[in-house]
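Just coords-v3.cif here, mmCIF, C-alpha atoms:
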data_data
loop_
_atom_site.label_atom_id
_atom_site.label_comp_id
_atom_site.auth_asym_id
_atom_site.auth_seq_id
_atom_site.Cartn_x
_atom_site.Cartn_y
_atom_site.Cartn_z
CA MET A 140 16.23 23.90 -13.66
CA PRO A 141 13.82 26.54 -12.26
CA ARG A 142 13.57 26.70 -8.49
CA GLY A 143 9.84 25.93 -8.26
CA MET A 144 10.08 22.84 -10.47
CA PRO A 145 8.35 19.84 -8.87
CA HIS A 146 10.37 16.63 -8.98
CA GLY A 147 8.41 13.40 -8.82
CA ASN A 148 5.37 15.17 -7.38
CA SER A 149 2.40 14.76 -9.67
CA PHE A 150 -0.06 16.80 -7.60
CA ARG A 151 -0.97 20.45 -8.10
CA LYS A 152 -0.34 22.77 -5.17
CA PHE A 153 -3.43 25.04 -5.13
CA GLY A 154 -1.91 27.32 -2.51
CA GLY A 155 -0.64 24.91 0.13
CA PRO A 156 -1.74 21.58 1.58
CA ASP A 157 -4.60 22.86 3.75
CA LYS A 158 -6.13 25.08 1.08
CA ARG A 159 -5.70 22.32 -1.45
CA LEU A 160 -7.56 19.74 0.60
CA HIS A 161 -10.33 22.26 1.37
CA LEU A 162 -10.79 23.06 -2.31
CA LEU A 163 -10.78 19.43 -3.36
CA LYS A 164 -13.26 18.57 -0.65
CA THR A 165 -15.81 21.09 -1.93
CA LEU A 166 -15.29 19.93 -5.52
CA VAL A 167 -15.68 16.25 -4.61
CA ASN A 168 -18.85 16.97 -2.67
CA ALA A 169 -20.29 19.00 -5.52
CA LEU A 170 -19.48 16.27 -8.01
CA ILE A 171 -21.19 13.61 -5.91
CA LYS A 172 -24.24 15.87 -5.51
CA HIS A 173 -24.66 17.12 -9.10
CA GLU A 174 -22.77 14.35 -11.01
CA ARG A 175 -21.42 16.90 -13.51
CA LEU A 176 -19.19 19.97 -13.00
CA GLU A 177 -17.69 22.67 -15.19
CA THR A 178 -14.40 23.97 -13.76
CA THR A 179 -10.89 24.76 -14.89
CA PHE A 180 -8.95 21.83 -16.27
CA ALA A 181 -6.46 21.84 -13.38
CA LYS A 182 -9.16 21.49 -10.74
CA ALA A 183 -11.12 18.90 -12.73
CA TYR A 184 -7.99 16.81 -13.27
CA GLU A 185 -7.23 16.75 -9.53
CA THR A 186 -10.82 15.99 -8.48
CA GLN A 187 -10.90 13.08 -10.90
CA LYS A 188 -8.08 11.34 -9.00
CA TYR A 189 -9.63 11.94 -5.59
CA VAL A 190 -13.17 10.91 -6.52
CA GLU A 191 -11.95 7.67 -8.04
CA ARG A 192 -9.83 6.86 -5.02
CA LEU A 193 -12.76 7.67 -2.72
CA ILE A 194 -15.07 5.27 -4.57
CA ASP A 195 -12.34 2.64 -4.40
CA ILE A 196 -12.18 3.13 -0.63
CA THR A 197 -15.97 2.86 -0.20
CA LYS A 198 -15.72 -0.59 -1.72
CA TYR A 199 -14.10 -1.77 1.55
CA GLY A 200 -17.51 -1.37 3.19
CA LYS A 201 -18.94 0.89 5.89
CA SER A 202 -17.66 -1.29 8.72
CA ASN A 203 -14.02 -0.75 7.70
CA LEU A 204 -12.36 1.76 10.06
CA TYR A 205 -10.17 3.40 7.44
CA CYS A 206 -13.10 3.72 5.04
CA ASN A 207 -15.27 5.21 7.75
CA ASP A 208 -12.65 7.84 8.69
CA MET A 209 -11.97 8.93 5.14
CA VAL A 210 -15.62 9.12 4.08
CA ASN A 211 -16.46 11.16 7.19
CA PHE A 212 -13.73 13.65 6.28
CA TRP A 213 -14.33 13.90 2.54
CA VAL A 214 -18.13 13.65 2.51
CA PRO A 215 -19.35 15.09 5.84
CA GLU A 216 -22.99 15.56 4.78
CA GLU A 217 -25.26 12.64 5.47
CA ALA A 218 -27.30 13.02 2.27
CA GLN A 219 -24.16 12.73 0.11
CA GLN A 220 -22.87 9.83 2.21
CA ASN A 221 -26.10 7.94 1.60
CA LYS A 222 -25.86 8.66 -2.11
CA LEU A 223 -22.27 7.44 -2.16
CA PHE A 224 -23.07 4.13 -0.48
CA ASN A 225 -26.54 3.41 -1.88
CA VAL A 226 -26.39 4.83 -5.42
CA LEU A 227 -22.79 5.09 -6.59
CA LEU A 228 -21.43 1.92 -5.00
CA PRO A 229 -23.92 -0.47 -6.73
CA ARG A 230 -23.49 1.50 -9.96
CA TYR A 231 -19.72 1.00 -10.00
CA SER A 232 -19.56 -2.43 -8.38
CA GLU A 233 -18.56 -4.03 -11.69
CA HIS A 234 -16.37 -1.18 -12.94
CA SER A 235 -12.70 -1.68 -12.26
CA ARG A 236 -10.88 1.51 -13.10
CA LYS A 237 -12.43 4.73 -14.39
CA TYR A 238 -15.56 6.02 -12.78
CA THR A 239 -15.40 9.52 -14.25
CA ARG A 240 -15.11 11.16 -17.65
CA LEU A 241 -13.19 14.38 -18.28
CA ALA A 242 -13.81 16.50 -21.39
CA VAL A 243 -11.94 19.71 -22.24
CA LEU A 244 -14.12 22.59 -23.49
CA THR A 245 -12.88 23.88 -26.83
CA GLU A 246 -14.00 27.51 -26.79
CA TRP A 247 -11.85 29.88 -24.81
CA THR A 248 -10.35 33.31 -25.35
CA ASP A 249 -6.92 34.77 -24.55
CA LYS A 250 -8.48 36.58 -21.60
CA ASP A 251 -9.71 33.27 -20.17
CA MET A 252 -6.31 31.66 -20.59
CA LYS A 253 -4.66 34.51 -18.68
CA SER A 254 -7.14 34.36 -15.82
CA HIS A 255 -7.82 30.66 -15.25
CA GLY A 256 -6.56 28.50 -18.11
CA LYS A 257 -8.73 26.17 -20.15
CA MET A 258 -12.06 24.94 -18.89
CA ALA A 259 -13.19 21.34 -18.63
CA VAL A 260 -16.24 19.28 -17.73
CA ILE A 261 -16.01 16.34 -15.34
CA GLU A 262 -18.87 13.90 -14.86
CA LEU A 263 -19.57 10.58 -13.16
CA LYS A 264 -20.16 7.76 -15.61
CA GLY A 265 -23.68 6.38 -15.93
CA ASN A 266 -25.33 9.60 -14.73
CA PRO A 267 -29.02 10.32 -15.55
CA LEU A 268 -28.24 13.73 -17.15
CA PRO A 269 -28.55 14.23 -20.94
CA PRO A 270 -25.30 13.15 -22.62
CA LEU A 271 -22.51 15.60 -23.48
CA PRO A 272 -22.14 16.54 -27.17
CA VAL A 273 -18.75 14.83 -27.40
CA LYS A 274 -17.50 14.47 -30.98
CA GLU A 275 -17.48 10.79 -31.92
CA GLY A 276 -14.73 9.25 -34.02
CA ASN A 277 -15.38 8.05 -37.57
CA PRO A 278 -17.22 4.69 -37.18
CA HIS A 279 -16.14 3.40 -40.60
CA THR A 280 -12.39 3.11 -39.95
CA LEU A 281 -11.03 -0.44 -39.75
CA GLN A 282 -10.15 -0.21 -36.03
CA ASN A 283 -13.58 1.13 -35.05
CA VAL A 284 -15.40 -1.52 -37.13
CA LEU A 285 -13.38 -4.29 -35.44
CA LEU A 286 -13.89 -2.78 -31.99
CA ALA A 287 -17.65 -2.51 -32.53
CA ALA A 288 -17.77 -6.15 -33.62
CA ALA A 289 -15.75 -7.25 -30.60
CA LYS A 290 -18.03 -5.28 -28.29
CA GLN A 291 -21.09 -6.89 -29.88
CA ASP A 292 -19.57 -10.34 -29.32
CA TRP A 293 -18.74 -9.52 -25.72
CA ASP A 294 -22.30 -8.28 -25.02
CA TYR A 295 -23.80 -11.36 -26.67
CA GLN A 296 -21.64 -13.71 -24.55
CA ARG A 297 -22.49 -11.88 -21.33
CA SER A 298 -26.24 -11.99 -22.04
CA ASN A 299 -25.95 -15.76 -22.65
CA VAL A 300 -24.14 -16.26 -19.35
CA LYS A 301 -26.82 -14.33 -17.46
CA GLU A 302 -29.63 -16.40 -19.01
CA ASN A 303 -27.90 -19.64 -18.01
CA MET B 74 -12.98 -75.02 44.21
CA ASN B 75 -9.54 -75.00 42.81
CA MET B 76 -7.77 -71.59 43.18
CA SER B 77 -6.17 -71.66 39.74
CA LEU B 78 -9.52 -72.28 38.11
CA LEU B 79 -10.98 -69.27 39.99
CA ARG B 80 -8.22 -67.07 38.66
CA VAL B 81 -8.95 -68.11 35.09
CA ILE B 82 -12.65 -67.36 35.52
CA ARG B 83 -11.86 -63.93 37.02
CA ARG B 84 -9.64 -63.08 34.13
CA LEU B 85 -12.37 -63.99 31.67
CA GLN B 86 -14.95 -61.90 33.55
CA SER B 87 -12.84 -58.69 33.86
CA SER B 88 -13.99 -55.69 31.84
CA PHE B 89 -10.44 -54.67 30.88
CA VAL B 90 -10.01 -53.77 27.23
CA ALA B 91 -6.53 -53.34 25.83
CA PRO B 92 -6.05 -49.73 24.59
CA GLN B 93 -5.50 -49.20 20.91
CA ARG B 94 -2.07 -48.21 19.73
CA PRO B 95 -2.14 -44.41 19.21
CA THR B 96 -1.60 -43.18 15.68
CA LEU B 97 1.11 -40.55 15.68
CA ILE B 98 0.44 -38.20 12.75
CA SER B 99 1.76 -34.67 12.98
CA THR B 100 -0.80 -32.01 12.07
CA ASP B 101 1.74 -29.18 11.74
CA ALA B 102 1.99 -29.44 7.98
CA GLU B 103 -1.75 -28.99 7.56
CA LYS B 104 -1.81 -25.69 9.44
CA PRO B 105 -1.44 -22.62 7.21
CA ASN B 106 1.26 -20.08 7.92
CA VAL B 107 0.37 -17.11 10.09
CA GLU B 108 -0.46 -13.94 8.17
CA GLY B 109 2.68 -11.84 7.97
CA ARG B 110 4.93 -14.92 8.12
CA GLU B 111 4.30 -16.32 4.64
CA ASP B 112 6.72 -18.53 2.77
CA ALA B 113 9.50 -16.17 1.61
CA ASN B 114 9.36 -17.64 -1.88
CA LEU B 115 5.75 -16.49 -2.16
CA PHE B 116 5.82 -13.19 -0.33
CA SER B 117 8.36 -11.07 1.43
CA LEU B 118 8.38 -7.34 2.22
CA GLU B 119 11.07 -6.59 -0.33
CA TYR B 120 8.77 -7.67 -3.18
CA ILE B 121 6.54 -4.61 -2.67
CA PRO B 122 7.58 -1.88 -5.13
CA PRO B 123 8.05 1.71 -3.95
CA GLN B 124 5.12 4.08 -4.33
CA VAL B 125 5.63 6.03 -7.54
CA GLN B 126 3.16 8.60 -8.81
CA PRO B 127 1.67 9.08 -11.38
CA GLU B 128 0.86 5.42 -11.83
CA TRP B 129 2.12 5.22 -15.41
CA HIS B 130 5.61 6.11 -14.19
CA ARG B 131 5.86 2.67 -12.54
CA ASN B 132 7.99 0.27 -14.49
CA LYS B 133 6.01 -2.88 -13.82
CA LEU B 134 8.09 -5.07 -16.12
CA LYS B 135 11.22 -4.16 -14.17
CA TYR B 136 9.49 -5.03 -10.90
CA ARG B 137 8.41 -8.43 -12.24
CA LEU B 138 11.88 -9.26 -13.56
CA GLU B 139 13.49 -8.22 -10.32
CA ARG B 140 11.14 -10.39 -8.27
CA MET B 141 11.96 -13.32 -10.54
CA ASP B 142 15.69 -12.73 -9.93
CA CYS B 143 15.07 -12.65 -6.17
CA LEU B 144 13.35 -16.01 -6.41
CA ARG B 145 16.21 -17.52 -8.42
CA ARG B 146 18.66 -16.30 -5.80
CA ARG B 147 16.53 -17.83 -3.06
CA GLN B 148 16.79 -21.19 -4.84
CA ALA B 149 20.59 -20.93 -4.72
CA ILE B 150 21.05 -20.08 -1.03
CA ASP B 151 18.81 -20.44 1.98
CA ILE B 152 17.82 -16.98 3.24
CA PRO B 153 15.96 -17.28 6.55
CA GLU B 154 13.10 -15.10 7.65
CA PHE B 155 14.33 -12.23 9.84
CA TYR B 156 13.27 -8.81 11.08
CA PRO B 157 15.08 -5.75 12.45
CA GLY B 158 16.16 -6.80 15.93
CA SER B 159 16.99 -10.44 15.20
CA ILE B 160 20.55 -11.75 15.40
CA LEU B 161 22.25 -12.97 12.21
CA ALA B 162 25.60 -14.26 11.05
CA VAL B 163 26.60 -13.65 7.44
CA THR B 164 29.44 -15.35 5.59
CA VAL B 165 30.75 -13.51 2.54
CA ALA B 166 33.44 -14.29 -0.02
CA ASP B 167 36.60 -12.23 0.53
CA ASN B 168 39.75 -12.74 -1.53
CA TYR B 169 42.03 -11.24 1.09
CA ALA B 170 40.70 -13.06 4.15
CA PRO B 171 42.20 -16.32 5.40
CA GLY B 172 40.16 -19.19 3.94
CA LYS B 173 38.77 -16.68 1.36
CA SER B 174 35.63 -16.13 3.38
CA MET B 175 34.65 -13.95 6.29
CA ARG B 176 31.93 -14.39 8.87
CA PHE B 177 30.28 -11.53 10.73
CA ALA B 178 27.62 -11.84 13.41
CA GLY B 179 25.46 -9.02 14.68
CA ARG B 180 22.05 -7.61 15.39
CA CYS B 181 20.03 -6.40 12.41
CA LEU B 182 19.32 -2.65 12.70
CA TYR B 183 17.14 -2.14 9.65
CA LYS B 184 16.13 -3.76 6.38
CA ASP B 185 15.31 -1.59 3.43
CA GLY B 186 14.90 -1.40 -0.33
CA PHE B 187 13.05 -3.13 -3.13
CA GLY B 188 14.00 -6.36 -4.90
CA LEU B 189 17.68 -6.88 -5.63
CA GLY B 190 18.44 -3.56 -3.91
CA CYS B 191 17.26 -4.93 -0.55
CA LYS B 192 19.89 -4.23 2.08
CA PHE B 193 20.28 -4.73 5.80
CA VAL B 194 22.75 -3.60 8.44
CA LEU B 195 24.32 -5.76 11.15
CA ARG B 196 25.80 -4.20 14.27
CA ASN B 197 28.17 -5.77 16.75
CA VAL B 198 30.35 -4.40 19.52
CA ILE B 199 33.86 -5.88 19.36
CA ASP B 200 36.38 -4.86 22.05
CA ASN B 201 34.16 -1.93 23.12
CA GLU B 202 34.11 -0.67 19.54
CA GLY B 203 30.88 -0.59 17.57
CA VAL B 204 31.10 -2.22 14.13
CA GLU B 205 28.39 -2.00 11.50
CA LYS B 206 28.26 -3.76 8.17
CA MET B 207 25.76 -3.33 5.37
CA TYR B 208 24.95 -6.25 3.09
CA HIS B 209 22.76 -6.56 0.04
CA LEU B 210 20.43 -9.47 0.72
CA PHE B 211 20.63 -10.96 -2.78
CA ALA B 212 24.28 -10.15 -3.47
CA PRO B 213 26.23 -12.98 -5.13
CA TYR B 214 29.16 -12.67 -2.69
CA ILE B 215 26.99 -13.79 0.22
CA GLN B 216 27.70 -17.48 0.86
CA LYS B 217 25.60 -18.20 3.90
CA VAL B 218 23.06 -16.40 6.09
CA GLU B 219 22.54 -17.99 9.49
CA LEU B 220 19.74 -17.01 11.83
CA LEU B 221 21.05 -17.12 15.40
CA ARG B 222 17.99 -15.73 17.18
CA LEU B 223 14.64 -14.70 15.72
CA GLU B 224 13.31 -11.50 17.28
CA LYS B 225 10.82 -8.90 16.20
CA TRP B 226 10.67 -5.44 17.73
CA ILE B 227 7.94 -2.82 17.47
CA ASP B 228 10.27 -0.43 15.65
CA THR B 229 11.55 -1.27 12.19
CA ASP B 230 14.46 1.19 12.44
CA LEU B 231 16.69 0.43 15.43
CA ARG B 232 19.51 2.85 14.69
CA PHE B 233 19.00 4.38 18.14
CA LEU B 234 20.86 1.33 19.48
CA ARG B 235 24.08 3.15 18.48
CA ASP B 236 23.40 5.51 21.36
CA ALA B 237 22.30 2.94 23.91
CA ALA B 238 23.66 3.51 27.42
CA ASP B 239 24.37 -0.20 27.82
CA GLN B 240 26.15 -1.29 24.64
CA SER B 241 25.87 -4.98 25.57
CA ILE B 242 22.55 -5.26 23.63
CA CYS B 243 24.53 -5.31 20.42
CA GLU B 244 27.49 -7.19 21.89
CA ILE B 245 27.14 -10.58 20.23
CA ASP B 246 29.45 -13.52 20.59
CA PRO B 247 30.44 -14.65 17.07
CA ASN B 248 30.48 -18.28 18.24
CA MET B 249 26.94 -18.03 19.58
CA GLN B 250 24.89 -21.17 19.17
CA ALA B 251 21.86 -20.82 16.93
CA GLU B 252 18.48 -21.01 18.63
CA SER B 253 15.67 -22.74 16.81
CA PRO B 254 13.07 -20.19 15.63
CA LEU B 255 9.34 -20.53 16.21
CA PRO B 256 7.53 -22.48 13.48
CA LYS B 257 5.73 -20.32 10.94
CA THR B 258 2.35 -21.61 12.04
CA GLU B 259 2.69 -19.63 15.28
CA GLU B 260 2.61 -15.89 15.69
CA LEU B 261 5.86 -14.20 16.69
CA PRO B 262 5.89 -12.36 20.03
CA VAL B 263 6.84 -8.71 19.51
CA TYR B 264 9.50 -7.22 21.80
CA LYS B 265 8.03 -4.21 23.63
CA GLY B 266 10.85 -3.45 26.07
CA LYS B 267 12.46 0.00 26.32
CA ILE B 268 16.17 0.63 25.83
CA ARG B 269 17.90 3.35 27.86
CA LEU B 270 19.93 5.87 25.85
CA ARG B 271 23.00 7.79 26.92
CA GLU B 272 23.00 11.56 27.51
CA ILE B 273 21.69 13.80 24.73
CA ALA B 274 24.99 15.58 24.07
CA MET B 275 26.42 12.27 22.84
CA TRP B 276 23.56 11.38 20.49
CA GLU B 277 24.26 11.05 16.78
CA PHE B 278 20.71 12.03 15.91
CA LEU B 279 17.89 13.72 17.83
CA TYR B 280 15.57 10.75 18.00
CA HIS B 281 12.68 12.66 19.60
CA LYS B 282 12.32 14.76 16.43
CA GLN B 283 11.60 11.90 14.05
CA TRP B 284 8.07 10.70 13.37
CA PRO B 285 6.81 8.13 14.19
CA ARG B 286 8.86 8.34 17.37
CA PRO B 287 10.86 5.20 18.25
CA TYR B 288 8.90 3.11 20.74
CA ASN B 289 11.69 0.87 21.96
CA ALA B 290 13.88 3.83 22.99
CA TYR B 291 13.33 5.17 26.50
CA LEU B 292 13.03 8.87 25.54
CA GLU B 293 10.86 9.86 28.50
CA GLU B 294 13.97 9.80 30.69
CA HIS B 295 15.57 12.73 28.85
CA PHE B 296 12.60 15.04 28.32
CA ILE B 297 9.76 16.41 30.38
CA GLU B 298 6.34 15.46 29.08
CA GLU B 299 5.49 18.94 27.75
CA GLU B 300 8.56 18.99 25.52
CA LEU B 301 7.45 15.80 23.78
CA ILE B 302 3.90 17.10 23.38
CA GLU B 303 5.28 20.32 21.86
CA ARG B 304 7.29 18.22 19.37
CA GLU B 305 4.17 16.31 18.41
CA LYS B 306 2.26 19.57 17.85
CA ILE B 307 4.98 20.91 15.56
CA HIS B 308 4.82 17.72 13.54
CA TRP B 309 1.06 17.85 13.08
CA GLN B 310 1.13 21.53 12.16
CA THR B 311 3.14 20.67 9.05
CA GLN B 312 2.10 17.09 8.33
CA SER B 313 -1.56 16.86 9.42
CA HIS B 314 -2.87 17.02 5.84
CA LEU B 315 -1.20 13.69 5.04
CA LYS B 316 -3.72 11.93 7.27
CA TYR B 317 -6.58 12.58 4.86
CA ASP B 318 -4.71 12.90 1.56
CA ILE B 319 -6.07 9.63 0.15
CA CYS B 320 -4.15 9.76 -3.13
CA LYS B 321 -0.83 9.80 -1.27
CA HIS B 322 -1.65 6.76 0.89
CA TYR B 323 -0.13 3.47 -0.18
CA ASP B 324 -2.59 0.58 -0.05
CA VAL B 325 -0.67 -2.69 -0.15
CA THR B 326 -3.40 -5.33 0.36
CA LYS B 327 -4.31 -5.56 -3.33
CA ILE B 328 -0.66 -5.55 -4.41
CA LYS B 329 0.16 -8.31 -1.95
CA ALA B 330 -2.49 -10.65 -3.38
CA GLU B 331 -1.26 -9.94 -6.92
CA ILE B 332 2.35 -10.57 -5.96
CA MET B 333 1.51 -13.89 -4.31
CA ASP B 334 -0.28 -15.09 -7.46
CA GLU B 335 2.61 -13.93 -9.60
CA MET B 336 5.23 -15.63 -7.43
CA LYS B 337 3.29 -18.92 -7.57
CA ASP B 338 3.56 -18.80 -11.38
CA ASN B 339 7.22 -17.83 -11.12
CA ARG B 340 7.91 -20.78 -8.85
CA HIS B 341 6.36 -23.10 -11.43
CA ARG B 342 8.45 -21.55 -14.21
CA VAL B 343 11.64 -21.93 -12.21
CA ASP B 344 10.89 -25.60 -11.50
CA VAL B 345 10.20 -26.24 -15.20
CA ALA B 346 13.43 -24.49 -16.21
CA ASP B 347 15.42 -26.56 -13.70
CA LYS B 348 13.67 -29.70 -15.05
CA LYS B 349 12.37 -30.69 -11.63
CA ILE B 350 8.88 -31.12 -13.15
CA THR B 351 7.42 -31.28 -16.65
CA ALA B 352 5.66 -28.27 -18.12
CA ASP B 353 2.20 -29.85 -18.07
CA ALA B 354 2.16 -30.66 -14.37
#
Encoded form using structure tokens:
Amino acid sequence: MPRGMPHGNSFRKFGGPDKRLHLLKTLVNALIKHERLETTFAKAYETQKYVERLIDITKYGKSNLYCNDMVNFWVPEEAQQNKLFNVLLPRYSEHSRKYTRLAVLTEWTDKDMKSHGKMAVIELKGNPLPPLPVKEGNPHTLQNVLLAAAKQDWDYQRSNVKEN
Amino acid sequence: MNMSLLRVIRRLQSSFVAPQRPTLISTDAEKPNVEGREDANLFSLEYIPPQVQPEWHRNKLKYRLERMDCLRRRQAIDIPEFYPGSILAVTVADNYAPGKSMRFAGRCLYKDGFGLGCKFVLRNVIDNEGVEKMYHLFAPYIQKVELLRLEKWIDTDLRFLRDAADQSICEIDPNMQAESPLPKTEELPVYKGKIRLREIAMWEFLYHKQWPRPYNAYLEEHFIEEELIEREKIHWQTQSHLKYDICKHYDVTKIKAEIMDEMKDNRHRVDVADKKITADA
């Protein structure tokens, strides 16, 4: 086994704990501000975990001590803090798990791979930006037809519940 | 007027009303248990799985099965609630002991591990010789676990008691009479006293280096204040990032609620399997 092999550690190093946190902090702030980022896959994959955990923590409420500490560290700017509590929290109040979407960019050269690896786009779900040109699956396969029908049923039931 | 007649009139005029017989109904059963002292069948610290990352490496089925096994074992023998610091006596099956069973009393030093792997250590000083025994809490060879005194200390790891100056803290009489523990509706008082340690050259482990530092050990006696501050600085130089690394924190509140729901269902299943109740009830 090579010496630098990580065992049971699923986090990337990014040049040491302090540098890593500093890098992630800037990425998280940028993502909250612009709602969509284009970075290397490694960085996008790490920010995805941290942003989702941060939104989970904000659900405790501003009065929670732990929540207050963590938000003050990760999002020091007041404008972003307000956005986090007043825009993102109501948007994701009914979501349970994934608040972000990660898409890998397909076009890269050998030179890119040597310098920084593959590139990816990470975005917050439900953002007001024009949608990404993500290739959709074939809608006529059996699974997709059934899923679409199930989704239609689910939407219909929910609209009925709201009316009542 | 006749005196006897006067007495009768007085008695009729008096405002005395016989008091009603008091109704003695205990209200203890209606009170809920204190948070942190739940019914062990519903929640206990050993039901919380270890933090494993990434999340899809957790074997949730294994955790569920193991919790179910813990519950089945708890139906077989009565395992009392205890913490590191409380005094226990454990009887285990032993083929080579007279009477084929052996009893050992001592103070619990620590309790560790998940599910069936939960283990605890008892320490006693017998004839000026320290004796420690490790038991698995749900092991089938354990016949009886008696709680002699319920105590809770600030520290959860009391292994510094091995180096206590006065060894009589762990010197426990095996024939000690059990004291009745506080009911679960009341909060346990936490022991905040400090234990003096012997000289540093005799220590098995440098307790001032570990973090968090043991509270119940009287370390201030052996070091000047600046030495301890220096130690703290060294710790934060290497570990300070953990304070804000949110993905490495372990949030248990959600897991605890899930486990309690799950164990309620498990309890019902066990009762149905043992035919104590019918499946519909």
Up to 7 Å from chain A, what residues of chain B turn up? Count only C-alpha atoms and give them as a list of chain:residue names. B:Gln126, B:Pro127, B:His314, B:Tyr317, B:Ile319, B:Cys320
Exercise on region 294-299 of chain A, axis-aligned box with 8 Å per side, report centre and edge lengths in Å to one decimal, as JSON:
{"center_x": -23.9, "center_y": -12.0, "center_z": -24.0, "size_x": 20.6, "size_y": 23.5, "size_z": 21.3}
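The coordinates place CA of Val243 (chain A) at 24.3 Å from CA of Pro145 (chain A).
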Which neighbours of region 149-159 of chain B fall inside 7 Å, counting all atoms listed in the file, when residues of the same chain fewer than 2 positions from it are skipped, and could you give them as a PyMOL selection string? chain B and resi 145-147+161+180-184+217-218+220+222-226+229-230
Tell me, as an MDAnalysis selection string, which residues lie within 10 Å of Asn168 (chain A), counting all atoms listed in the file; anything in the same chain fewer than 5 positions away does not count. chainID A and resid 163 173:174 186 190 213:216 219:220
For Val204 (chain B), list every protein, DNA or RNA residue within 12 Å, evaluated using all atoms listed in the file, and leave out those in the same chain fewer than 2 positions away; present the list as a PDB file with C-alpha atoms, in the coordinates of the input.
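Okay, this is what ended up in selection_33.pdb:
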ATOM      1  CA  PHE B 177      30.280 -11.530  10.730  1.00  0.00           C
ATOM      2  CA  ALA B 178      27.620 -11.840  13.410  1.00  0.00           C
ATOM      3  CA  GLY B 179      25.460  -9.020  14.680  1.00  0.00           C
ATOM      4  CA  ARG B 180      22.050  -7.610  15.390  1.00  0.00           C
ATOM      5  CA  CYS B 181      20.030  -6.400  12.410  1.00  0.00           C
ATOM      6  CA  LEU B 182      19.320  -2.650  12.700  1.00  0.00           C
ATOM      7  CA  VAL B 194      22.750  -3.600   8.440  1.00  0.00           C
ATOM      8  CA  LEU B 195      24.320  -5.760  11.150  1.00  0.00           C
ATOM      9  CA  ARG B 196      25.800  -4.200  14.270  1.00  0.00           C
ATOM     10  CA  ASN B 197      28.170  -5.770  16.750  1.00  0.00           C
ATOM     11  CA  VAL B 198      30.350  -4.400  19.520  1.00  0.00           C
ATOM     12  CA  ILE B 199      33.860  -5.880  19.360  1.00  0.00           C
ATOM     13  CA  ASP B 200      36.380  -4.860  22.050  1.00  0.00           C
ATOM     14  CA  ASN B 201      34.160  -1.930  23.120  1.00  0.00           C
ATOM     15  CA  GLU B 202      34.110  -0.670  19.540  1.00  0.00           C
ATOM     16  CA  LYS B 206      28.260  -3.760   8.170  1.00  0.00           C
ATOM     17  CA  MET B 207      25.760  -3.330   5.370  1.00  0.00           C
ATOM     18  CA  ARG B 235      24.080   3.150  18.480  1.00  0.00           C
ATOM     19  CA  GLN B 240      26.150  -1.290  24.640  1.00  0.00           C
ATOM     20  CA  CYS B 243      24.530  -5.310  20.420  1.00  0.00           C
ATOM     21  CA  GLU B 244      27.490  -7.190  21.890  1.00  0.00           C
ATOM     22  CA  ILE B 245      27.140 -10.580  20.230  1.00  0.00           C
TER      23      ILE B 245
END
Interatomic distance (Å, one decimal) between CA of Gln296 (chain A) and CA of Leu281 (chain A):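 Computed distance, CA of Gln296 (chain A) to CA of Leu281 (chain A), equals 22.8 Å.
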What is the CA of Val226 (chain A)-CA of Ser298 (chain A) distance in Å, reported with one decimal?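 Between CA of Val226 (chain A) and CA of Ser298 (chain A) the gap is 23.6 Å.
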Would you list the contacts of Phe180 (chain A) as a list in words, taking every protein, DNA or RNA residue within 8 Å and counting only C-alpha atoms, but skipping same-chain residues closer than 6 positions in sequence?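 Surrounding residues, per the criterion: Val243, Gly256, Lys257, Met258, Ala259 and Val260 of chain A.
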What lies within 9 Å of Pro287 (chain B) using all atoms listed in the file, ignoring chain neighbours under 6 positions off, as a ChimeraX atom specification? /B:227-231,233,280-281
Using all atoms listed in the file, can you tell me which of B:Arg286, B:Lys348, B:Arg94, B:Arg137 comes closest to Ile332 (chain B)?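 Using all atoms listed in the file, the shortest distance to Ile332 (chain B) belongs to B:Arg137.
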